[in-house]
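Student: Before I ask anything, here is the structure I am working with.
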Amino acid sequence: MKYLVLLCDGMADTPSDYLDGKTPMELAVKPQMDALARVSEVGLCKTVATGLKPGSDVANLSVMGYDPTVSYTGRSPLEAASIGIDLKDTDVTLRCNVVTLSDEENYEDKTMVDYCAGDISTEEARQIIATVQEAFGNDVYRFYPGVSYRHCLVVQNGTTDLGTMTPPHDISGRVVGEYLSQSPNAAPLVALMKQSYELLKDHPVNRARVAKGEKPANSIWLWGEGTKPVVANFKEKNGVSGCVISAVDLLKGIGICAGMDTPEVAGATGYIDTNFDGKAEAAIEAFRAGTELVYVHVEAPDECGHRCEPDNKVKSIGLIDEKILQKVKAYLDATGEDYRILICPDHPTPLLTKTHAGDPVPFLIYDSRKQLNGVSTFTEKTAAATGVYIEHGPSIMDRLLEK
């Protein structure tokens with residue numbers, strides 16, 4: 001038996017005027033998903049437990065079958081694992097975004113113009129982080145480069161008692177002052193953020209970006225604090241081998257911590273310009289190599305939600321359907337083996353709010369051996385109408401594996 005998980009990050013949404021009262025799932029051209037929905041189990045799953053923040057970290061752990069209330073120690077430690085950082089039990093890590101802030105004199109008066117610094121390239125960002133490490137790195141702080149705007153700070157003998165370290169994608173277009181933690185423990189980190197603006201505003205990379213009409217990466221933004229994660233080995237836990245295919249350090253980090261393969265896909269960006277075809281090929285290669293469960297994570301719908309790009313969010317769902325689902329399903333059909341497919345988002349990322357929500361998400365589970373009476377099309381409304389509801393998110397993996 002083979003298993004495909006197609007995780008469409010942030011795909012679920014709410015009706016809005018941006019799309020004439022529809023959701024991206026309702027408008028997307030997705031014949032493969034809709035065909036599967038007609039013969040699959042369809043319903044809603046609560047991937048974010050009550051009391052937890054609706055992040056991709058918590059939600060993807062749930063879909064993978066891990067209870068975040070037990071295994072979750074913070075977002076950035078999972079990303080640190082992907083980067084290859086060997087954490088000590090006394091280390092605290094933080095996500096270090098490079099962001100674009102407006103140019104008011106006082107840091108507190110600046111606006112979060114762009115949480116990803118205009119999709120800065122990995123090479124440009126590495127130069128930025130190298131400068132930050134040279135200026136601020138020492139025996140306590142060490143900055144590590146990641147991918148695009150996503151990087152990592154490790155604090156030796158640090159604390160996670162930092163008050164509220166707000167994710168930058170939650171405050172797009174807002175003045176940052178009220179979102180800076182007031183905790184005394186966070187004061188040194190907030191000071192680093194403020195000092196980074198003076199360090200980076202005239203950085204050669206940023207001068208070149210501004211000259212080209214691009215947004216500068218003129219500040220670091222620290223958030224997502226955590227400690228060394230404790231994630232059980234996926235195969236030992238579930239009895240099947242696994243592989244995670246993603247452009248995002250967070251997902252790769254979860255896979256690494258769980259002992260799963262995490263192949264690199266050239267051109268995988270985490271946005272709508274990602275290499276969809278490459279992800280499909282990587283999934284097929286993993287199955288050919290004998291992997292039993294392949295978890296394909298696609299970030300594009302989430303990024304489009306954060307940026308309030310309605311047309312691109314609709315388009316991204318169609319591209320997942322055409323370039324990934326269609327090709328991988330065709331391969332699975334051709335093998336003649338039995339297989340099961342789970343398709344779902346990790347959480348909604350509504351265009352109206354431009355950030356994550358904790359509402360239950362639509363899911364479908366298809367079994368090549370069975371033809372069920374499903375729904376006409378795969379949407380938030382049709383999933384809710386079935387009455388099928390998974391209260392405990394991590395149990396969806398057991399449901400897929402028929403455990």
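In the structure tokens, chains take the letters A, B, ... in the order shown, each chain's residues start at 1, and ligands count up from 1 in the order shown.
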Using backbone DSSP assignments, extract all helix (DSSP H, G or I) residues from segment 47-265 of chain A; output them as a PyMOL selection string.

Tutor: chain A and resi 56-63+68-71+75-83+107-109+122-136+168-170+177-179+184-200+204-211+234-238+249-257

Student: Which residues are near segment 318-332 of chain A? Cut-off 7 Å, only C-alpha atoms, ignore same chain within fewer than 4 positions. Put them as a PyMOL selection string.

Tutor: chain A and resi 28-30+32-33+276-277+279-280+284+314

Student: Using only C-alpha atoms, what does the table of segment 160-237 of chain A residues within 6 Å of segment 251-266 of chain A look like, with each row giving the shortest atom pair and its distance in Å to one decimal, sorted by chain and ascending number, as JSON lines?

Tutor:
```
{"residue": "A:Val231", "atom": "CA", "partner": "A:Ala258", "partner_atom": "CA", "distance": 5.7}
{"residue": "A:Ala232", "atom": "CA", "partner": "A:Ala258", "partner_atom": "CA", "distance": 5.7}
{"residue": "A:Asn233", "atom": "CA", "partner": "A:Ala258", "partner_atom": "CA", "distance": 4.4}
{"residue": "A:Phe234", "atom": "CA", "partner": "A:Ala258", "partner_atom": "CA", "distance": 5.2}
```

Student: When you look at Thr100 of chain A with a cut-off of 6 Å (counting only C-alpha atoms), what residues show up, excluding the ones that are within fewer than 5 positions of it in the same chain? I need them as a VMD selection string.

Tutor: chain A and resid 113 to 114 117 216 to 218
